[in-house]
Amino acid sequence: MNKNQTHRVAVLGTTSWGTTLAILLARKGIKVNLLARTETEAKTLIESRENGRFAPGVSFPNSLMVTSSPKTAIEDVGIVVIAVPSNTIRTNMHRISSFIKPDTVLVSATKGLEITTGMRVTEVIREELKKDWSGTLCALSGPNLAKEILDGKPSTTVIASDSESQAKKIQNIFSSELFRVYTNSDIVGVELGGSLKNVFAIGAGICDGMKVGDNAKAAFVTRSLAEMVRLTSAAGGNPLTIAGLAGMGDMIATCYSELSRNRTVGFKLASGIKLNDLLKSMDQVAEGVVTTAALIELSNRIKVEMPIAKCTYEILYEGLSIEDAMLGLLGRDPASEWN
């Protein structure tokens with residue numbers, strides 16, 4: 001990767017998060033190619049110089065270019081940021097893989113698991129890449145509410161990679177006065193923290209919607225973190241990662257903020273709105289709904305007990321009432337906190 005390529009970045013995904021990352025980098029003067037899904041979408045974004053759907057009123061910096069051509073977006077860049085919904089990762093990797101150079105650095109900014117396999121996003125990406133790809137794969141995750149970042153509020157994130165030198169390069173490229181980036185060598189833990197918190201944020205929203213009180217919600221979030229630690233350890237990650245920004249930090253932001261889509265799903269479920277009606281009414285993806293199903297597949301496969309995640313799955317997919325779910329969790333046999 002030459003120096004000119006390093007300072008050119010392609011962002012795959014005009015989601016709220018993809019748009020935010022593209023703007024964040026372009027505000028630093030970095031040349032960014034934002035890859036849209038269709039020519040029509042690209043034309044709309046180019047003409048308006050903003051993403052009116054996901055980031056209305058936030059102008060694109062001059063160094064941000066929009067295109068619907070994977071070749072145009074990717075051929076001259078050294079870094080590709082992937083910020084598409086988890087259920088479209090394979091389709092999107094198939095779309096761009098032939099244009100990725102062997103030494104390209106890929107940064108996954110998608111928080112989710114593949115529903116059919118329970119695989120982490122970087123696992124799916126690696127499986128879909130050409131055999132001659134030798135670049136670095138990174139994962140970016142943390143307490144990152146897109147609107148707050150676009151509004152210029154201080155935020156932090158974590159970039160995880162097996163390569164410390166590449167992690168530091170990405171750290172330097174993304175870091176700014178208001179966006180502090182930390183490095184971590186634990187890709188497994190960083191990805192699972194960012195994915196699983198979406199599942200538990202649904203339950204946190206249910207707690208708020210049911211008005212169970214701060215004591216109960218604190219217990220819910222803490223015991224959810226315990227489930228995250230168990231799964232991360234069993235999957236080969238570092239449990240300490242879940243105590244950091246990609247775990248607890250992201251959990252706090254997602255479980256307590258009214259900007260959180262997954263918390264909103266839980267809150268509205270508690271008010272009696274049916275899941276299908278709720279999802280149809282949302283303009284953006286709530287990753288936790290899909291990730292819940294993938295998480296159950298993964299936890300069953302690696303034999304990790306996750307009672308909160310299981311109850312969330314049964315509420316979403318099997319018609320379990322919220323009241324019965326709460327009684328079931330509270331009625332579990334007494335146990336040691338650390339088992």
# chains A, B, ... in the order shown; residues from 1 in each chain; ligands from 1
>>> closest_atom_pairs(of="region 54-136 of chain A", to="region 156-173 of chain A", cutoff="9 Å", atoms="only C-alpha atoms", output="CSV")
residue,atom,partner,partner_atom,distance
A:Ile79,CA,A:Ile170,CA,8.7
A:Val105,CA,A:Gln166,CA,8.1
A:Val107,CA,A:Ile159,CA,8.5
A:Thr136,CA,A:Gln166,CA,7.1
>>> write_last_selection(atoms="C-alpha atoms", output="short mmCIF file (atom, residue, chain, number, x, y, z; two decimals), in the first residue's frame")
data_model
loop_
_atom_site.label_atom_id
_atom_site.label_comp_id
_atom_site.auth_asym_id
_atom_site.auth_seq_id
_atom_site.Cartn_x
_atom_site.Cartn_y
_atom_site.Cartn_z
CA ILE A 79 -8.50 1.22 3.19
CA VAL A 105 -6.79 -2.94 4.77
CA VAL A 107 -12.18 -2.25 8.49
CA THR A 136 -5.18 -6.70 7.24
#
>>> select_by_dssp(residues="region 280-328 of chain A", states="alpha helix (DSSP H)", output="MDAnalysis selection string")
chainID A and resid 280:281 287:301 307:317 322:328
>>> atom_distance(atom1="CA of Glu318 (chain A)", atom2="CA of Asp208 (chain A)")
21.8 Å
>>> closest_residue(among="A:Asn215, A:Ser98, A:Asn339, A:Ser134", to="Arg230 (chain A)", atoms="only C-alpha atoms")
A:Asn339
>>> select_by_dssp(residues="region 110-305 of chain A", states="strand (DSSP E or B)", output="MDAnalysis selection string")
chainID A and resid 113 120 137:141 155:161 179:184
>>> residues_around(residues="Pro56 (chain A)", least_positions_apart="2", cutoff="12 Å", atoms="only C-alpha atoms", output="ChimeraX atom specification")
/A:16,19-20,45,48-54,58-60,147,150-151
>>> write_last_selection(atoms="N, CA, C and O atoms", output="PDB file, in the first residue's frame")
ATOM      1  N   SER A  16     -26.674   5.073   8.348  1.00  0.00           N
ATOM      2  CA  SER A  16     -26.347   6.204   9.212  1.00  0.00           C
ATOM      3  C   SER A  16     -24.907   6.108   9.699  1.00  0.00           C
ATOM      4  O   SER A  16     -24.191   7.111   9.781  1.00  0.00           O
ATOM      5  N   THR A  19     -22.411   6.613   6.650  1.00  0.00           N
ATOM      6  CA  THR A  19     -22.379   8.038   6.319  1.00  0.00           C
ATOM      7  C   THR A  19     -21.603   8.821   7.367  1.00  0.00           C
ATOM      8  O   THR A  19     -20.809   9.721   7.042  1.00  0.00           O
ATOM      9  N   THR A  20     -21.808   8.484   8.627  1.00  0.00           N
ATOM     10  CA  THR A  20     -21.115   9.173   9.714  1.00  0.00           C
ATOM     11  C   THR A  20     -19.608   8.982   9.620  1.00  0.00           C
ATOM     12  O   THR A  20     -18.829   9.946   9.759  1.00  0.00           O
ATOM     13  N   LEU A  45     -27.607  11.661  -3.542  1.00  0.00           N
ATOM     14  CA  LEU A  45     -26.631  12.112  -2.548  1.00  0.00           C
ATOM     15  C   LEU A  45     -25.682  13.153  -3.134  1.00  0.00           C
ATOM     16  O   LEU A  45     -25.306  14.126  -2.459  1.00  0.00           O
ATOM     17  N   SER A  48     -27.691  16.541  -3.544  1.00  0.00           N
ATOM     18  CA  SER A  48     -28.073  17.206  -2.297  1.00  0.00           C
ATOM     19  C   SER A  48     -26.875  17.489  -1.399  1.00  0.00           C
ATOM     20  O   SER A  48     -26.962  18.337  -0.500  1.00  0.00           O
ATOM     21  N   ARG A  49     -25.773  16.765  -1.617  1.00  0.00           N
ATOM     22  CA  ARG A  49     -24.564  16.866  -0.778  1.00  0.00           C
ATOM     23  C   ARG A  49     -24.871  16.627   0.688  1.00  0.00           C
ATOM     24  O   ARG A  49     -24.241  17.180   1.596  1.00  0.00           O
ATOM     25  N   GLU A  50     -25.826  15.751   0.932  1.00  0.00           N
ATOM     26  CA  GLU A  50     -26.120  15.284   2.282  1.00  0.00           C
ATOM     27  C   GLU A  50     -26.930  13.992   2.163  1.00  0.00           C
ATOM     28  O   GLU A  50     -27.480  13.697   1.103  1.00  0.00           O
ATOM     29  N   ASN A  51     -26.979  13.233   3.254  1.00  0.00           N
ATOM     30  CA  ASN A  51     -27.809  12.038   3.293  1.00  0.00           C
ATOM     31  C   ASN A  51     -29.101  12.414   4.011  1.00  0.00           C
ATOM     32  O   ASN A  51     -29.194  12.342   5.232  1.00  0.00           O
ATOM     33  N   GLY A  52     -30.075  12.849   3.214  1.00  0.00           N
ATOM     34  CA  GLY A  52     -31.325  13.342   3.787  1.00  0.00           C
ATOM     35  C   GLY A  52     -32.107  12.294   4.531  1.00  0.00           C
ATOM     36  O   GLY A  52     -32.938  12.621   5.388  1.00  0.00           O
ATOM     37  N   ARG A  53     -31.850  11.024   4.250  1.00  0.00           N
ATOM     38  CA  ARG A  53     -32.574   9.943   4.912  1.00  0.00           C
ATOM     39  C   ARG A  53     -32.010   9.645   6.298  1.00  0.00           C
ATOM     40  O   ARG A  53     -32.753   9.497   7.266  1.00  0.00           O
ATOM     41  N   PHE A  54     -30.687   9.555   6.396  1.00  0.00           N
ATOM     42  CA  PHE A  54     -30.071   9.122   7.652  1.00  0.00           C
ATOM     43  C   PHE A  54     -29.313  10.214   8.397  1.00  0.00           C
ATOM     44  O   PHE A  54     -29.030  10.064   9.588  1.00  0.00           O
ATOM     45  N   VAL A  58     -26.809  17.575   7.536  1.00  0.00           N
ATOM     46  CA  VAL A  58     -25.355  17.485   7.727  1.00  0.00           C
ATOM     47  C   VAL A  58     -24.701  17.444   6.347  1.00  0.00           C
ATOM     48  O   VAL A  58     -24.807  16.455   5.623  1.00  0.00           O
ATOM     49  N   SER A  59     -24.033  18.501   5.991  1.00  0.00           N
ATOM     50  CA  SER A  59     -23.448  18.627   4.652  1.00  0.00           C
ATOM     51  C   SER A  59     -22.217  17.735   4.492  1.00  0.00           C
ATOM     52  O   SER A  59     -21.440  17.547   5.431  1.00  0.00           O
ATOM     53  N   PHE A  60     -22.041  17.213   3.285  1.00  0.00           N
ATOM     54  CA  PHE A  60     -20.844  16.430   2.977  1.00  0.00           C
ATOM     55  C   PHE A  60     -19.648  17.376   2.813  1.00  0.00           C
ATOM     56  O   PHE A  60     -19.748  18.379   2.091  1.00  0.00           O
ATOM     57  N   LYS A 147     -25.509  10.035  15.595  1.00  0.00           N
ATOM     58  CA  LYS A 147     -25.957  11.426  15.643  1.00  0.00           C
ATOM     59  C   LYS A 147     -25.057  12.283  16.535  1.00  0.00           C
ATOM     60  O   LYS A 147     -24.751  13.433  16.206  1.00  0.00           O
ATOM     61  N   LEU A 150     -21.879  13.067  14.595  1.00  0.00           N
ATOM     62  CA  LEU A 150     -22.132  14.083  13.570  1.00  0.00           C
ATOM     63  C   LEU A 150     -22.332  15.459  14.184  1.00  0.00           C
ATOM     64  O   LEU A 150     -21.981  16.486  13.584  1.00  0.00           O
ATOM     65  N   ASP A 151     -22.891  15.502  15.393  1.00  0.00           N
ATOM     66  CA  ASP A 151     -23.113  16.773  16.088  1.00  0.00           C
ATOM     67  C   ASP A 151     -21.853  17.318  16.735  1.00  0.00           C
ATOM     68  O   ASP A 151     -21.881  18.377  17.378  1.00  0.00           O
TER      69      ASP A 151
END
>>> residues_around(residues="Pro70 (chain A)", least_positions_apart="4", cutoff="12 Å", atoms="only C-alpha atoms", output="list in words")
Ala10, Val11, Leu12, Gly13, Asn33, Leu34, Leu35, Ala36, Arg37, Thr38, Glu39, Ala42, Val66, Ile74, Glu75, Asp76, Val77, Val80, Asn92, Met93, His94, Arg95, Ile96, Ser97, Ser98, Phe99 and Ile100 of chain A
>>> residues_around(residues="Gly244 (chain A)", least_positions_apart="6", cutoff="12 Å", atoms="only C-alpha atoms", output="list in words")
Ser141, Gly142, Pro143, Thr156, Thr157, Val158, Tyr182, Thr183, Asn184, Asp186, Gly189, Val190, Gly193, Gly194, Leu225, Val229, Asn238, Asp250, Met251 and Ile252 of chain A
>>> write_last_selection(atoms="C-alpha atoms", output="CSV table (one decimal), in the first residue's frame")
chain,number,residue,atom,x,y,z
A,141,SER,CA,-16.6,-0.9,17.6
A,142,GLY,CA,-17.5,1.1,20.7
A,143,PRO,CA,-20.1,3.5,22.2
A,156,THR,CA,-14.4,7.1,21.6
A,157,THR,CA,-14.0,3.8,19.8
A,158,VAL,CA,-11.8,0.7,19.5
A,182,TYR,CA,-8.0,3.0,21.2
A,183,THR,CA,-6.3,-0.2,19.8
A,184,ASN,CA,-7.0,-3.7,20.9
A,186,ASP,CA,-8.8,-9.0,20.5
A,189,GLY,CA,-14.0,-9.8,21.9
A,190,VAL,CA,-14.5,-6.4,20.2
A,193,GLY,CA,-19.2,-6.9,22.4
A,194,GLY,CA,-20.5,-4.7,19.6
A,225,LEU,CA,-22.6,-8.4,30.7
A,229,VAL,CA,-18.3,-12.5,29.2
A,238,ASN,CA,-10.5,-11.9,26.1
A,250,ASP,CA,-21.2,0.2,24.2
A,251,MET,CA,-23.7,-1.5,26.4
A,252,ILE,CA,-24.2,1.7,28.5
>>> residues_around(residues="region 306-313 of chain A", least_positions_apart="5", cutoff="7 Å", atoms="only C-alpha atoms", output="list of chain:residue names")
A:Gly203, A:Ser224, A:Glu227, A:Thr292, A:Ala293, A:Ile296, A:Ala325
>>> write_last_selection(atoms="N, CA, C and O atoms", output="compact mmCIF listing (two decimals), in the first residue's frame")
# COMPACT_ATOMS: atom_id res chain seq x y z
N GLY A 203 -33.75 -5.86 25.56
CA GLY A 203 -34.25 -6.13 26.90
C GLY A 203 -34.21 -4.91 27.79
O GLY A 203 -35.11 -4.69 28.62
N SER A 224 -26.53 -9.22 31.89
CA SER A 224 -26.30 -9.34 30.45
C SER A 224 -24.81 -9.30 30.14
O SER A 224 -24.31 -10.06 29.29
N GLU A 227 -23.32 -12.63 30.68
CA GLU A 227 -23.54 -13.54 29.56
C GLU A 227 -22.57 -13.23 28.42
O GLU A 227 -22.07 -14.14 27.75
N THR A 292 -30.08 -11.61 17.60
CA THR A 292 -30.61 -12.51 18.64
C THR A 292 -30.71 -13.94 18.14
O THR A 292 -30.31 -14.89 18.82
N ALA A 293 -31.24 -14.11 16.94
CA ALA A 293 -31.36 -15.45 16.37
C ALA A 293 -29.99 -16.06 16.11
O ALA A 293 -29.75 -17.25 16.39
N ILE A 296 -28.31 -17.18 19.45
CA ILE A 296 -28.80 -18.45 19.99
C ILE A 296 -28.16 -19.62 19.25
O ILE A 296 -27.76 -20.63 19.86
N ALA A 325 -41.65 -13.93 30.55
CA ALA A 325 -40.18 -13.92 30.45
C ALA A 325 -39.56 -13.38 31.74
O ALA A 325 -38.58 -13.94 32.26
>>> closest_residue(among="A:Met210, A:Val181, A:Val188, A:Leu137", to="Gly272 (chain A)", atoms="only C-alpha atoms")
A:Met210
>>> closest_atom_pairs(of="region 155-265 of chain A", to="region 108-114 of chain A", cutoff="8 Å", atoms="only C-alpha atoms", output="Markdown table")
| residue | atom | partner | partner_atom | distance |
| --- | --- | --- | --- | --- |
| A:Glu191 | CA | A:Lys111 | CA | 6.8 |
| A:Leu192 | CA | A:Gly112 | CA | 7.9 |
| A:Gly194 | CA | A:Lys111 | CA | 5.3 |
| A:Ser195 | CA | A:Gly112 | CA | 4.4 |
| A:Leu196 | CA | A:Gly112 | CA | 7.5 |
>>> residues_around(residues="Val265 (chain A)", least_positions_apart="4", cutoff="7 Å", atoms="only C-alpha atoms", output="VMD selection string")
chain A and resid 202 205 261 269
>>> decode(residues="region 43-66 of chain A", atoms="N, CA, C and O atoms", output="PDB file, in the first residue's frame")
ATOM      1  N   LYS A  43     -26.867   9.488  -7.225  1.00  0.00           N
ATOM      2  CA  LYS A  43     -27.224  10.765  -7.846  1.00  0.00           C
ATOM      3  C   LYS A  43     -27.917  11.684  -6.837  1.00  0.00           C
ATOM      4  O   LYS A  43     -27.624  12.889  -6.767  1.00  0.00           O
ATOM      5  N   THR A  44     -28.814  11.119  -6.035  1.00  0.00           N
ATOM      6  CA  THR A  44     -29.522  11.911  -5.024  1.00  0.00           C
ATOM      7  C   THR A  44     -28.544  12.491  -4.006  1.00  0.00           C
ATOM      8  O   THR A  44     -28.622  13.675  -3.636  1.00  0.00           O
ATOM      9  N   LEU A  45     -27.607  11.661  -3.542  1.00  0.00           N
ATOM     10  CA  LEU A  45     -26.631  12.112  -2.548  1.00  0.00           C
ATOM     11  C   LEU A  45     -25.682  13.153  -3.134  1.00  0.00           C
ATOM     12  O   LEU A  45     -25.306  14.126  -2.459  1.00  0.00           O
ATOM     13  N   ILE A  46     -25.303  12.959  -4.384  1.00  0.00           N
ATOM     14  CA  ILE A  46     -24.401  13.908  -5.036  1.00  0.00           C
ATOM     15  C   ILE A  46     -25.080  15.266  -5.207  1.00  0.00           C
ATOM     16  O   ILE A  46     -24.479  16.323  -4.941  1.00  0.00           O
ATOM     17  N   GLU A  47     -26.317  15.260  -5.636  1.00  0.00           N
ATOM     18  CA  GLU A  47     -27.029  16.508  -5.886  1.00  0.00           C
ATOM     19  C   GLU A  47     -27.347  17.272  -4.603  1.00  0.00           C
ATOM     20  O   GLU A  47     -27.260  18.499  -4.559  1.00  0.00           O
ATOM     21  N   SER A  48     -27.691  16.541  -3.544  1.00  0.00           N
ATOM     22  CA  SER A  48     -28.073  17.206  -2.297  1.00  0.00           C
ATOM     23  C   SER A  48     -26.875  17.489  -1.399  1.00  0.00           C
ATOM     24  O   SER A  48     -26.962  18.337  -0.500  1.00  0.00           O
ATOM     25  N   ARG A  49     -25.773  16.765  -1.617  1.00  0.00           N
ATOM     26  CA  ARG A  49     -24.564  16.866  -0.778  1.00  0.00           C
ATOM     27  C   ARG A  49     -24.871  16.627   0.688  1.00  0.00           C
ATOM     28  O   ARG A  49     -24.241  17.180   1.596  1.00  0.00           O
ATOM     29  N   GLU A  50     -25.826  15.751   0.932  1.00  0.00           N
ATOM     30  CA  GLU A  50     -26.120  15.284   2.282  1.00  0.00           C
ATOM     31  C   GLU A  50     -26.930  13.992   2.163  1.00  0.00           C
ATOM     32  O   GLU A  50     -27.480  13.697   1.103  1.00  0.00           O
ATOM     33  N   ASN A  51     -26.979  13.233   3.254  1.00  0.00           N
ATOM     34  CA  ASN A  51     -27.809  12.038   3.293  1.00  0.00           C
ATOM     35  C   ASN A  51     -29.101  12.414   4.011  1.00  0.00           C
ATOM     36  O   ASN A  51     -29.194  12.342   5.232  1.00  0.00           O
ATOM     37  N   GLY A  52     -30.075  12.849   3.214  1.00  0.00           N
ATOM     38  CA  GLY A  52     -31.325  13.342   3.787  1.00  0.00           C
ATOM     39  C   GLY A  52     -32.107  12.294   4.531  1.00  0.00           C
ATOM     40  O   GLY A  52     -32.938  12.621   5.388  1.00  0.00           O
ATOM     41  N   ARG A  53     -31.850  11.024   4.250  1.00  0.00           N
ATOM     42  CA  ARG A  53     -32.574   9.943   4.912  1.00  0.00           C
ATOM     43  C   ARG A  53     -32.010   9.645   6.298  1.00  0.00           C
ATOM     44  O   ARG A  53     -32.753   9.497   7.266  1.00  0.00           O
ATOM     45  N   PHE A  54     -30.687   9.555   6.396  1.00  0.00           N
ATOM     46  CA  PHE A  54     -30.071   9.122   7.652  1.00  0.00           C
ATOM     47  C   PHE A  54     -29.313  10.214   8.397  1.00  0.00           C
ATOM     48  O   PHE A  54     -29.030  10.064   9.588  1.00  0.00           O
ATOM     49  N   ALA A  55     -28.961  11.294   7.708  1.00  0.00           N
ATOM     50  CA  ALA A  55     -28.234  12.382   8.373  1.00  0.00           C
ATOM     51  C   ALA A  55     -28.682  13.721   7.799  1.00  0.00           C
ATOM     52  O   ALA A  55     -27.872  14.477   7.252  1.00  0.00           O
ATOM     53  N   PRO A  56     -29.962  14.025   7.916  1.00  0.00           N
ATOM     54  CA  PRO A  56     -30.472  15.269   7.322  1.00  0.00           C
ATOM     55  C   PRO A  56     -29.834  16.507   7.928  1.00  0.00           C
ATOM     56  O   PRO A  56     -29.606  16.576   9.142  1.00  0.00           O
ATOM     57  N   GLY A  57     -29.516  17.452   7.065  1.00  0.00           N
ATOM     58  CA  GLY A  57     -28.959  18.717   7.530  1.00  0.00           C
ATOM     59  C   GLY A  57     -27.467  18.714   7.755  1.00  0.00           C
ATOM     60  O   GLY A  57     -26.889  19.750   8.098  1.00  0.00           O
ATOM     61  N   VAL A  58     -26.809  17.575   7.536  1.00  0.00           N
ATOM     62  CA  VAL A  58     -25.355  17.485   7.727  1.00  0.00           C
ATOM     63  C   VAL A  58     -24.701  17.444   6.347  1.00  0.00           C
ATOM     64  O   VAL A  58     -24.807  16.455   5.623  1.00  0.00           O
ATOM     65  N   SER A  59     -24.033  18.501   5.991  1.00  0.00           N
ATOM     66  CA  SER A  59     -23.448  18.627   4.652  1.00  0.00           C
ATOM     67  C   SER A  59     -22.217  17.735   4.492  1.00  0.00           C
ATOM     68  O   SER A  59     -21.440  17.547   5.431  1.00  0.00           O
ATOM     69  N   PHE A  60     -22.041  17.213   3.285  1.00  0.00           N
ATOM     70  CA  PHE A  60     -20.844  16.430   2.977  1.00  0.00           C
ATOM     71  C   PHE A  60     -19.648  17.376   2.813  1.00  0.00           C
ATOM     72  O   PHE A  60     -19.748  18.379   2.091  1.00  0.00           O
ATOM     73  N   PRO A  61     -18.519  17.085   3.433  1.00  0.00           N
ATOM     74  CA  PRO A  61     -17.301  17.862   3.177  1.00  0.00           C
ATOM     75  C   PRO A  61     -16.876  17.731   1.718  1.00  0.00           C
ATOM     76  O   PRO A  61     -17.258  16.778   1.032  1.00  0.00           O
ATOM     77  N   ASN A  62     -16.065  18.668   1.263  1.00  0.00           N
ATOM     78  CA  ASN A  62     -15.668  18.683  -0.150  1.00  0.00           C
ATOM     79  C   ASN A  62     -14.882  17.445  -0.564  1.00  0.00           C
ATOM     80  O   ASN A  62     -14.899  17.060  -1.739  1.00  0.00           O
ATOM     81  N   SER A  63     -14.194  16.819   0.392  1.00  0.00           N
ATOM     82  CA  SER A  63     -13.362  15.664   0.047  1.00  0.00           C
ATOM     83  C   SER A  63     -14.140  14.350   0.039  1.00  0.00           C
ATOM     84  O   SER A  63     -13.557  13.283  -0.126  1.00  0.00           O
ATOM     85  N   LEU A  64     -15.465  14.414   0.201  1.00  0.00           N
ATOM     86  CA  LEU A  64     -16.287  13.209   0.173  1.00  0.00           C
ATOM     87  C   LEU A  64     -16.968  13.089  -1.192  1.00  0.00           C
ATOM     88  O   LEU A  64     -17.726  13.956  -1.602  1.00  0.00           O
ATOM     89  N   MET A  65     -16.677  12.001  -1.884  1.00  0.00           N
ATOM     90  CA  MET A  65     -17.265  11.732  -3.185  1.00  0.00           C
ATOM     91  C   MET A  65     -18.209  10.536  -3.062  1.00  0.00           C
ATOM     92  O   MET A  65     -17.948   9.613  -2.288  1.00  0.00           O
ATOM     93  N   VAL A  66     -19.292  10.557  -3.826  1.00  0.00           N
ATOM     94  CA  VAL A  66     -20.260   9.454  -3.809  1.00  0.00           C
ATOM     95  C   VAL A  66     -20.298   8.793  -5.176  1.00  0.00           C
ATOM     96  O   VAL A  66     -20.288   9.473  -6.210  1.00  0.00           O
TER      97      VAL A  66
END
